[in-house]
Each structure stands twice: as C-alpha cells, then as structure tokens.
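As stored in final26.tsv (TSV, C-alpha atoms):
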```tsv
chain	number	residue	atom	x	y	z
A	7	MET	CA	0.00	0.00	0.00
A	8	LYS	CA	2.82	2.42	0.73
A	9	PRO	CA	4.14	2.61	-2.87
A	10	LEU	CA	0.61	3.18	-4.15
A	11	LEU	CA	0.06	5.93	-1.59
A	12	CYS	CA	3.28	7.65	-2.69
A	13	LEU	CA	2.20	7.50	-6.31
A	14	LEU	CA	-1.16	9.00	-5.48
A	15	LEU	CA	0.45	11.83	-3.53
A	16	LEU	CA	2.86	12.61	-6.34
A	17	ALA	CA	0.05	12.66	-8.88
A	18	ALA	CA	-2.16	14.99	-6.84
A	19	PRO	CA	-2.48	18.59	-8.08
A	20	LEU	CA	-0.38	20.23	-5.37
A	21	VAL	CA	-0.87	23.97	-4.73
A	22	ARG	CA	0.99	25.97	-2.08
A	23	ALA	CA	-1.07	27.00	0.93
A	24	ASP	CA	-0.46	30.70	0.27
A	25	ASP	CA	-1.19	30.35	-3.45
A	26	SER	CA	-4.03	32.60	-4.70
A	27	VAL	CA	-5.67	33.65	-7.95
A	28	LEU	CA	-4.39	37.01	-9.16
A	29	PHE	CA	-6.19	37.33	-12.51
A	30	ALA	CA	-8.91	34.99	-13.81
A	31	GLY	CA	-10.44	34.95	-17.26
A	32	THR	CA	-14.13	34.20	-17.75
A	33	GLY	CA	-13.79	32.54	-21.16
A	34	LYS	CA	-15.99	35.18	-22.75
A	35	ALA	CA	-15.90	38.91	-23.56
A	36	PRO	CA	-14.99	41.36	-22.14
A	37	ARG	CA	-12.66	39.38	-19.81
A	38	HIS	CA	-11.92	36.30	-21.85
A	39	THR	CA	-8.26	35.62	-20.91
A	40	TYR	CA	-5.39	37.09	-18.88
A	41	ARG	CA	-1.84	36.32	-19.93
A	42	ILE	CA	1.84	37.41	-19.77
A	43	PRO	CA	2.34	38.14	-16.05
A	44	ALA	CA	4.95	40.53	-14.70
A	45	ILE	CA	5.44	41.58	-11.10
A	46	VAL	CA	7.65	44.21	-9.51
A	47	THR	CA	8.39	45.53	-6.01
A	48	ALA	CA	8.30	49.33	-5.75
A	49	THR	CA	10.81	51.14	-3.54
A	50	LYS	CA	8.23	51.51	-0.73
A	51	GLY	CA	7.40	47.81	-0.89
A	52	THR	CA	4.20	47.98	-2.93
A	53	LEU	CA	3.78	45.01	-5.26
A	54	ILE	CA	2.47	45.76	-8.74
A	55	ALA	CA	1.29	42.89	-10.93
A	56	PHE	CA	0.86	43.42	-14.67
A	57	ALA	CA	-1.04	41.32	-17.20
A	58	GLU	CA	-2.61	41.42	-20.63
A	59	LEU	CA	-6.40	41.51	-20.59
A	60	ARG	CA	-7.37	39.70	-23.79
A	61	LYS	CA	-10.94	40.88	-24.01
A	62	ASN	CA	-12.54	38.75	-26.71
A	63	ASN	CA	-10.47	35.57	-27.03
A	64	ALA	CA	-7.19	33.97	-25.98
A	65	ALA	CA	-5.23	34.97	-29.12
A	66	ASP	CA	-1.99	36.97	-29.00
A	67	LEU	CA	-3.53	39.66	-31.21
A	68	GLY	CA	-6.76	41.62	-30.89
A	69	ASP	CA	-8.38	43.99	-28.42
A	70	ILE	CA	-5.80	43.60	-25.63
A	71	ASP	CA	-5.26	46.08	-22.78
A	72	THR	CA	-2.53	46.34	-20.14
A	73	VAL	CA	-3.91	45.99	-16.62
A	74	ILE	CA	-2.46	45.97	-13.11
A	75	LYS	CA	-3.30	45.12	-9.54
A	76	ARG	CA	-1.53	46.57	-6.48
A	77	SER	CA	-0.74	45.07	-3.09
A	78	THR	CA	0.56	46.97	-0.06
A	79	ASP	CA	0.79	43.92	2.22
A	80	GLY	CA	3.18	41.64	0.36
A	81	GLY	CA	0.53	40.01	-1.80
A	82	LYS	CA	-1.90	38.99	0.94
A	83	THR	CA	-4.59	41.25	-0.57
A	84	TRP	CA	-4.86	43.00	-3.92
A	85	SER	CA	-6.59	46.08	-5.29
A	86	GLU	CA	-9.24	45.99	-7.94
A	87	GLU	CA	-7.99	45.72	-11.51
A	88	ILE	CA	-6.78	48.99	-13.08
A	89	VAL	CA	-6.54	49.45	-16.86
A	90	ILE	CA	-3.40	51.49	-17.46
A	91	GLN	CA	-3.21	51.28	-21.27
A	92	ASP	CA	-6.02	50.82	-23.79
A	93	MET	CA	-5.51	51.56	-27.50
A	94	GLY	CA	-8.95	50.76	-28.79
A	95	ASP	CA	-9.20	47.54	-30.76
A	96	ASP	CA	-5.41	47.26	-31.08
A	97	THR	CA	-3.03	45.22	-28.92
A	98	ILE	CA	-1.03	46.98	-26.22
A	99	GLY	CA	0.57	44.48	-23.86
A	100	ASN	CA	3.67	42.49	-22.97
A	101	ALA	CA	4.20	44.84	-20.01
A	102	CYS	CA	7.80	45.05	-18.79
A	103	PRO	CA	8.36	47.13	-15.63
A	104	LEU	CA	11.56	48.72	-14.33
A	105	VAL	CA	11.95	50.49	-10.97
A	106	ASP	CA	14.35	53.40	-10.46
A	107	PRO	CA	15.70	52.83	-6.93
A	108	LYS	CA	16.74	56.48	-6.54
A	109	THR	CA	13.46	58.20	-7.40
A	110	GLY	CA	10.95	55.37	-6.93
A	111	ARG	CA	9.64	55.98	-10.45
A	112	ILE	CA	8.19	52.86	-12.05
A	113	PHE	CA	8.62	52.58	-15.80
A	114	VAL	CA	6.63	50.17	-17.93
A	115	PHE	CA	7.41	49.25	-21.53
A	116	THR	CA	4.58	47.85	-23.65
A	117	ALA	CA	4.36	46.51	-27.21
A	118	TRP	CA	1.76	47.70	-29.72
A	119	ALA	CA	0.45	45.63	-32.62
A	120	ARG	CA	-2.33	45.72	-35.17
A	121	LEU	CA	-1.37	42.85	-37.49
A	122	PRO	CA	-0.53	39.18	-36.88
A	123	GLU	CA	3.15	38.36	-36.61
A	124	SER	CA	3.33	36.85	-40.12
A	125	LYS	CA	2.17	40.15	-41.65
A	126	VAL	CA	4.25	42.56	-39.57
A	127	LYS	CA	6.45	44.79	-41.72
A	128	PRO	CA	9.95	46.06	-40.88
A	129	GLY	CA	10.36	49.70	-39.91
A	130	PHE	CA	8.07	52.17	-38.21
A	131	GLY	CA	4.75	52.31	-40.06
A	132	GLU	CA	1.22	51.26	-39.19
A	133	ASP	CA	2.06	47.68	-40.23
A	134	SER	CA	5.06	47.42	-37.89
A	135	ARG	CA	5.56	46.67	-34.20
A	136	ARG	CA	6.05	49.59	-31.84
A	137	VAL	CA	7.21	50.00	-28.23
A	138	PHE	CA	5.73	52.49	-25.77
A	139	LEU	CA	7.02	53.77	-22.43
A	140	ALA	CA	4.99	55.14	-19.51
A	141	HIS	CA	5.77	55.78	-15.86
A	142	SER	CA	4.19	56.12	-12.43
A	143	ASP	CA	5.43	58.25	-9.54
A	144	ASP	CA	2.84	57.06	-7.00
A	145	ASP	CA	3.43	53.30	-6.83
A	146	GLY	CA	1.13	52.53	-9.74
A	147	LEU	CA	-1.95	54.51	-8.75
A	148	THR	CA	-1.67	56.74	-11.82
A	149	TRP	CA	0.36	56.49	-15.02
A	150	SER	CA	1.68	58.91	-17.62
A	151	LYS	CA	0.51	58.91	-21.21
A	152	PRO	CA	2.47	56.23	-23.13
A	153	GLU	CA	5.28	57.65	-25.28
A	154	ASP	CA	6.27	55.95	-28.54
A	155	ILE	CA	10.03	55.29	-28.22
A	156	THR	CA	10.27	52.88	-31.18
A	157	ARG	CA	12.63	54.99	-33.26
A	158	GLN	CA	15.09	55.25	-30.38
A	159	ILE	CA	15.53	51.50	-29.98
A	160	LYS	CA	14.39	49.75	-33.18
A	161	ARG	CA	16.31	49.22	-36.42
A	162	GLU	CA	14.57	49.68	-39.74
A	163	THR	CA	15.21	46.07	-40.77
A	164	TRP	CA	13.44	44.61	-37.72
A	165	SER	CA	9.85	43.44	-38.09
A	166	TRP	CA	8.80	41.68	-34.88
A	167	PHE	CA	10.09	43.67	-31.88
A	168	VAL	CA	9.10	43.52	-28.20
A	169	PRO	CA	10.65	44.09	-24.77
A	170	GLY	CA	11.12	41.13	-22.44
A	171	PRO	CA	8.67	39.81	-21.48
A	172	ALA	CA	10.37	40.50	-18.16
A	173	SER	CA	11.39	43.35	-15.91
A	174	GLY	CA	14.43	45.55	-16.31
A	175	ILE	CA	17.27	46.30	-13.93
A	176	VAL	CA	19.40	49.25	-12.83
A	177	ILE	CA	23.09	48.30	-12.75
A	178	GLN	CA	24.44	48.50	-9.19
A	179	HIS	CA	28.21	48.17	-9.66
A	180	GLY	CA	31.08	49.03	-11.96
A	181	LYS	CA	31.60	51.49	-14.77
A	182	HIS	CA	27.94	51.51	-15.82
A	183	LYS	CA	26.43	51.87	-12.34
A	184	GLY	CA	23.04	53.56	-12.59
A	185	ARG	CA	22.36	52.43	-16.17
A	186	MET	CA	18.85	51.12	-16.79
A	187	VAL	CA	18.75	47.96	-18.90
A	188	MET	CA	15.85	45.99	-20.38
A	189	GLY	CA	15.97	42.70	-22.26
A	190	ALA	CA	14.28	42.60	-25.67
A	191	ASN	CA	13.96	40.53	-28.82
A	192	HIS	CA	13.42	41.16	-32.50
A	193	ARG	CA	13.19	39.52	-35.90
A	194	GLU	CA	15.92	40.62	-38.29
A	195	THR	CA	14.80	40.61	-41.94
A	196	ALA	CA	18.08	41.64	-43.58
A	197	GLY	CA	21.50	40.00	-43.90
A	198	ASP	CA	22.56	36.40	-44.33
A	199	GLU	CA	20.74	35.02	-41.28
A	200	PRO	CA	17.26	36.48	-40.89
A	201	GLY	CA	15.51	35.29	-37.78
A	202	TYR	CA	14.87	35.96	-34.10
A	203	TYR	CA	17.52	37.44	-31.81
A	204	ALA	CA	17.59	38.51	-28.17
A	205	HIS	CA	19.33	41.74	-27.18
A	206	ALA	CA	18.85	44.66	-24.78
A	207	PHE	CA	18.24	48.38	-24.70
A	208	TYR	CA	19.49	50.80	-22.07
A	209	SER	CA	19.39	54.37	-20.73
A	210	ASP	CA	22.14	56.44	-19.10
A	211	ASP	CA	19.92	59.46	-18.33
A	212	SER	CA	17.33	58.03	-15.94
A	213	GLY	CA	15.01	56.88	-18.69
A	214	LYS	CA	14.85	60.04	-20.80
A	215	THR	CA	16.46	58.41	-23.86
A	216	TRP	CA	17.22	54.81	-24.84
A	217	LYS	CA	19.65	52.90	-27.07
A	218	SER	CA	19.72	49.31	-28.30
A	219	SER	CA	22.62	46.86	-28.08
A	220	ARG	CA	25.09	46.98	-30.95
A	221	SER	CA	25.25	43.17	-31.06
A	222	TYR	CA	22.84	40.36	-30.21
A	223	ALA	CA	22.74	36.88	-28.81
A	224	ALA	CA	22.70	33.92	-31.20
A	225	ARG	CA	19.97	33.30	-33.76
A	226	HIS	CA	16.88	31.45	-32.44
A	227	THR	CA	16.84	33.33	-29.12
A	228	ASN	CA	14.01	35.62	-28.08
A	229	GLU	CA	12.12	36.17	-24.78
A	230	CYS	CA	14.70	37.10	-22.17
A	231	GLU	CA	15.56	38.74	-18.86
A	232	ILE	CA	18.78	40.26	-17.49
A	233	VAL	CA	20.55	39.81	-14.17
A	234	GLU	CA	23.69	41.60	-12.95
A	235	LEU	CA	26.55	39.32	-11.87
A	236	SER	CA	28.77	39.98	-8.86
A	237	ASN	CA	31.60	41.34	-11.04
A	238	GLY	CA	29.31	43.85	-12.80
A	239	ASP	CA	28.82	41.79	-15.96
A	240	LEU	CA	25.27	41.24	-17.21
A	241	MET	CA	23.77	37.84	-17.97
A	242	LEU	CA	21.03	37.53	-20.57
A	243	ASN	CA	18.90	34.44	-19.87
A	244	MET	CA	16.87	33.52	-22.97
A	245	ARG	CA	14.19	31.29	-24.39
A	246	ASN	CA	14.97	29.37	-27.57
A	247	HIS	CA	12.70	30.07	-30.52
A	248	GLY	CA	12.70	28.12	-33.76
A	249	SER	CA	15.52	25.76	-32.83
A	250	PRO	CA	15.43	22.14	-31.61
A	251	LYS	CA	17.18	23.06	-28.35
A	252	ARG	CA	15.31	22.60	-25.10
A	253	GLU	CA	17.68	24.39	-22.71
A	254	ARG	CA	17.93	28.03	-21.67
A	255	ALA	CA	20.33	30.14	-23.71
A	256	ILE	CA	22.86	32.37	-21.93
A	257	ALA	CA	24.96	35.34	-23.08
A	258	ILE	CA	27.22	37.70	-21.13
A	259	SER	CA	27.83	41.41	-21.61
A	260	LYS	CA	30.94	43.04	-20.17
A	261	ASP	CA	29.97	46.57	-21.23
A	262	GLY	CA	26.59	47.12	-19.61
A	263	GLY	CA	24.48	45.57	-22.35
A	264	GLU	CA	26.03	47.39	-25.33
A	265	THR	CA	27.39	44.14	-26.80
A	266	TRP	CA	26.89	40.44	-26.05
A	267	GLY	CA	29.41	37.60	-26.05
A	268	GLU	CA	29.06	34.04	-27.29
A	269	THR	CA	25.73	32.35	-26.62
A	270	THR	CA	25.86	29.10	-24.66
A	271	TRP	CA	23.15	26.71	-23.43
A	272	ASP	CA	22.69	25.68	-19.81
A	273	ALA	CA	21.83	21.96	-19.52
A	274	ALA	CA	20.85	22.55	-15.87
A	275	LEU	CA	17.94	24.74	-17.04
A	276	PRO	CA	15.68	22.62	-19.27
A	277	GLU	CA	12.81	24.38	-21.03
A	278	PRO	CA	9.92	23.67	-23.41
A	279	GLN	CA	10.49	27.01	-25.18
A	280	CYS	CA	8.64	29.28	-22.78
A	281	MET	CA	9.17	32.47	-20.79
A	282	GLY	CA	11.42	32.24	-17.74
A	283	SER	CA	12.47	34.78	-15.12
A	284	ILE	CA	15.77	35.48	-13.35
A	285	LYS	CA	16.36	37.78	-10.35
A	286	ARG	CA	19.17	38.61	-7.98
A	287	ARG	CA	18.10	38.40	-4.34
A	288	SER	CA	21.40	39.29	-2.64
A	289	TRP	CA	25.01	40.27	-3.29
A	290	PRO	CA	28.13	38.54	-1.94
A	291	ASP	CA	28.97	39.81	1.54
A	292	GLY	CA	32.23	38.67	3.09
A	293	ASN	CA	32.17	34.89	3.20
A	294	LYS	CA	28.46	34.82	2.33
A	295	PRO	CA	27.74	34.24	-1.37
A	296	GLY	CA	25.09	36.18	-3.23
A	297	ALA	CA	21.94	34.49	-4.48
A	298	ILE	CA	20.23	34.50	-7.87
A	299	PHE	CA	16.84	32.87	-8.44
A	300	PHE	CA	15.41	31.48	-11.67
A	301	ILE	CA	11.98	30.09	-12.53
A	302	ASN	CA	10.47	28.39	-15.58
A	303	PRO	CA	8.53	25.27	-16.61
A	304	ALA	CA	11.36	22.79	-16.05
A	305	SER	CA	10.43	20.34	-18.77
A	306	GLN	CA	11.54	19.60	-22.30
A	307	ARG	CA	8.17	18.01	-23.10
A	308	GLY	CA	5.76	20.86	-22.50
A	309	ARG	CA	4.75	23.77	-20.30
A	310	GLU	CA	4.65	21.95	-16.99
A	311	ASN	CA	6.38	21.55	-13.64
A	312	LEU	CA	7.10	25.16	-12.72
A	313	THR	CA	10.37	25.07	-10.76
A	314	LEU	CA	12.21	27.72	-8.76
A	315	ARG	CA	16.00	27.37	-8.61
A	316	ALA	CA	18.77	29.11	-6.68
A	317	SER	CA	22.38	29.78	-7.66
A	318	PHE	CA	25.14	30.99	-5.35
A	319	ASP	CA	27.89	31.32	-7.96
A	320	ASP	CA	26.42	33.75	-10.51
A	321	GLY	CA	24.47	31.11	-12.41
A	322	LYS	CA	27.30	28.64	-12.97
A	323	THR	CA	25.41	25.99	-10.99
A	324	TRP	CA	21.87	25.66	-9.61
A	325	PRO	CA	22.21	23.40	-6.54
A	326	ARG	CA	18.82	24.12	-4.91
A	327	SER	CA	15.29	23.96	-6.28
A	328	LEU	CA	11.63	23.82	-5.35
A	329	LEU	CA	8.70	22.55	-7.43
A	330	ILE	CA	6.16	25.39	-7.33
A	331	LYS	CA	3.43	23.92	-9.53
A	332	PRO	CA	3.46	20.34	-10.86
A	333	GLY	CA	1.66	19.81	-14.12
A	334	ASP	CA	0.24	22.66	-16.18
A	335	ALA	CA	2.19	25.94	-15.83
A	336	ALA	CA	3.45	28.38	-18.44
A	337	TYR	CA	4.71	31.99	-18.31
A	338	SER	CA	6.01	33.12	-14.91
A	339	HIS	CA	7.77	36.06	-13.34
A	340	LEU	CA	9.72	36.78	-10.14
A	341	ALA	CA	10.07	39.73	-7.77
A	342	ILE	CA	11.97	40.02	-4.50
A	343	LEU	CA	9.91	41.28	-1.58
A	344	LYS	CA	11.17	43.74	1.02
A	345	ASP	CA	11.48	40.89	3.55
A	346	GLY	CA	13.70	38.92	1.14
A	347	ASN	CA	11.08	36.36	0.19
A	348	VAL	CA	10.44	35.55	-3.47
A	349	ALA	CA	7.15	36.56	-5.11
A	350	ILE	CA	5.92	34.56	-8.10
A	351	ALA	CA	3.17	35.27	-10.63
A	352	TYR	CA	2.48	32.42	-13.05
A	353	GLU	CA	0.03	31.14	-15.65
A	354	THR	CA	-1.79	27.86	-15.08
A	355	ASP	CA	-5.17	26.13	-15.45
A	356	GLY	CA	-4.85	26.02	-19.22
A	357	TYR	CA	-4.16	29.78	-19.36
A	358	ARG	CA	-7.40	30.45	-17.47
A	359	THR	CA	-5.70	31.99	-14.43
A	360	ILE	CA	-2.62	33.87	-13.33
A	361	ARG	CA	-1.79	32.83	-9.78
A	362	PHE	CA	0.41	34.38	-7.11
A	363	THR	CA	2.52	32.83	-4.38
A	364	THR	CA	5.51	33.63	-2.17
A	365	VAL	CA	8.45	31.43	-1.22
A	366	THR	CA	11.02	31.70	1.56
A	367	PRO	CA	14.55	31.13	0.23
A	368	ASP	CA	15.28	28.43	2.81
A	369	SER	CA	12.40	26.33	1.48
A	370	LEU	CA	14.47	25.40	-1.58
A	371	LYS	CA	16.11	21.99	-1.13
A	372	PRO	CA	19.42	20.58	-2.39
A	373	ASN	CA	18.99	18.85	-5.75
A	374	PRO	CA	19.23	15.05	-5.56
```

Please express the file's structure as structure tokens.
Amino acid sequence: MKPLLCLLLLAAPLVRADDSVLFAGTGKAPRHTYRIPAIVTATKGTLIAFAELRKNNAADLGDIDTVIKRSTDGGKTWSEEIVIQDMGDDTIGNACPLVDPKTGRIFVFTAWARLPESKVKPGFGEDSRRVFLAHSDDDGLTWSKPEDITRQIKRETWSWFVPGPASGIVIQHGKHKGRMVMGANHRETAGDEPGYYAHAFYSDDSGKTWKSSRSYAARHTNECEIVELSNGDLMLNMRNHGSPKRERAIAISKDGGETWGETTWDAALPEPQCMGSIKRRSWPDGNKPGAIFFINPASQRGRENLTLRASFDDGKTWPRSLLIKPGDAAYSHLAILKDGNVAIAYETDGYRTIRFTTVTPDSLKPNP
C-alpha cells in the first residue's frame, strides 16, 4: 500500500497553501483571458502585478489592454484591476516594468500591434511593431501617457520587436552603475541570417532616452531577462525560438548591455520554449555568497512543472530547487519582496488563471 500511496500523492495537483488567484479569465468577452504576467516591487514595498487583458479571445492579437493590480501587504490582498493602457481595438501588452531605486519611479514598456506576426512589416509604419514607455510616480496609482520610443531602440530592418517579457534592472556596480537595462527581442529581416535574436536596450539618463545593443545573442533566441553578476557583468537568460534546443540560452555582456558575447546553453535549465524569469536576491557579503533565483517550466516536453532554482555562484550551478506547480504551468515572473522572500506570478489552469505565491529562500532543497 505504501508505494501506491506515494504515487497518489505525487500525482495529486499540489498547490501551495499561500497560493491565490491574481487574474482569472471568464472565457468570454470582455474578460476572456489574462496572460503574460509581470510583477515588480516598488521602492516603498508595494507590489504591482501586470497582465494582458485579452478581451474577446485567448489569441496573442486583438483587443488587448494592459492591466495591473496593487498590493501593499506583500501580496496577501490586492486592489481591484486597473486598466493602465487601452488603444482601442489594437493590442497593447507584454508589459515590462523597471523600478528606479533612486526616485521610486516605475517605468513600464509595452508593445503595440495591429497585425498578426506573419504580416508585420519592418520599420516604423502602421504595419510594424512599436514599443511604448509610460511611468508612475505614486506606486502605480496613476500612469503617464504612453510615449512611442520605437525609433530610439528599433532598427529599420526589424519586423517583430518587443521588450522582455520580463522586468528591467538598474546596474548596481562598476563602470555603468546607474544604467537602466531591459531585455528585448526582435526579428531581423536583412542579412545572411534572418531570424529571431535577443538583445537589450538601455538608458544612461534616468530613462529620458534609450539605445539598443550593438550586437545580439545567437539566432533562435528571443524572450529574455537580465541579471547583474557579482563582477558587474550582465547575464542575458533567454528562451529558444525556432531551434530544436530545449535548454535556456545564456549570453554575457561586459559593457553594460552594449554588446553580447558568445551564446551558450545551460543543460541545468531545461525548457519547453517558454518564458522564464531570473532575479538577484542578494550580493556577496564577506564569506556569504550572493543568491540568484530562476523560474520556468522545467520540462523539455511541454509547459509543466514550474520550478524555482537558486544559484550561489552567478548562475554557474543551480544546486537548490523547489517545485512550485506540478503539471500545467506556463509563463512566470519573479520579484523580490522587502522581507527577502520571493514573489511569483504564473500562468496555469490552461491559461485560465494567473496565480500568485511567495516562497522563503530556505524552502528550496538541495537537488538530488
């Protein structure tokens, strides 16, 4: 009986006790589906959760708005939903926040679209992809009018072009301290190797102007997020797209995101080609190593088995992990709370809900 009992326990749909529904679609207009979660901790500790409200169906294109919820108690309770960007029947989504630790200003990058990906044209016209930037100075209660910054950060030969999906960082050490950096991806239509490439864009004037990387990661990389390493280098952690690989792609920048070195693949981070998230929780302090956390569906078969991992050597190894959601789980995003715990927003239930949970770092166990 004992082996059977173990099998039954392993097969049960486990959910953490503090796990709660953050956004829930109804399966019909005007709140059909919520997707593409992002979550960020403001300087005062307020949590802001972003999502796409796909009003009429679950498709990636259509009447899609950017919405948020706010929490001032670490995610125990949440505000009512707030629509922060609505561009009529067009798509405005893929929200990617970035917090300025000096001023408390919260930036959010969003991607605009009117046509399906196969019909998107290169350049800057009505048939192209565009990126907008807005900000909040009151922890997400109100937001500025979105500004079109496409021409600052997009090349004319790119068709598909979006930030993240992820959150950005402000570099804390080294020559480029204070630089704001956001991961991004595009489809290059010119040259000998057209295809999808991950890169970054950055600002050295507190978000007034932006520039894109001069070089990219390898072909077949796209959705990505950036973490600063203990020596000041940046690591770009990327999804594969259009390749047979089922491992996360990695590239390093030694100049604050202006250029990227050789792309490698981390066999310790399996993936089904899906969004993942990477965040630094702490920096090395004396004999105490710093900690970086990573989350994604840890499967090469499909979007399942959402797993949180910890590294104490700048991502070289991932010796600790915790299964957050067995079975169905897709896009996910991390934030670090003021108390040091890890906040997680993730898609599950066949894309019907975005759920929220928190994890204490010491709950991760050594890998077998």

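The interatomic distance for the pair CA of Ala196 (chain A) and CA of Pro152 (chain A) works out to 29.6 Å.
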
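Relative to CA of Pro171 (chain A), CA of Met188 (chain A) is found at 9.5 Å.
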
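Distances from A:Gly180, A:Gly296, A:Gly308, A:Pro169 to Lys260 (chain A) were compared using all atoms listed in the file, and the smallest one belongs to A:Gly180.
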
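Across the structure, CA of Thr354 (chain A) and CA of Thr83 (chain A) are spaced 19.9 Å apart.
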
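Neighbouring residues of region 117-129 of chain A at 6 Å or closer, counting only C-alpha atoms and skipping chain neighbours under 2 positions away, are A:Asp96, A:Thr97, A:Ile98, A:Gly99, A:Asn100, A:Asp133, A:Ser134, A:Arg135, A:Arg136, A:Val137, A:Glu162, A:Thr163, A:Trp164, A:Ser165, A:Val168.
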
Close residues, region 332-335 of chain A itself excluded, 7 Å, all atoms listed in the file, min 6 positions apart in chain, as a list in words | Pro19, Leu20, Pro303, Arg309, Glu310, Asn311, Leu312, Glu353, Thr354, Asp355 and Gly356 of chain A

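Among the candidates A:Trp289, A:Trp84, A:Phe113, A:Tyr222, the residue lying nearest to Ser209 (chain A) is A:Phe113 (atoms considered: all atoms listed in the file).
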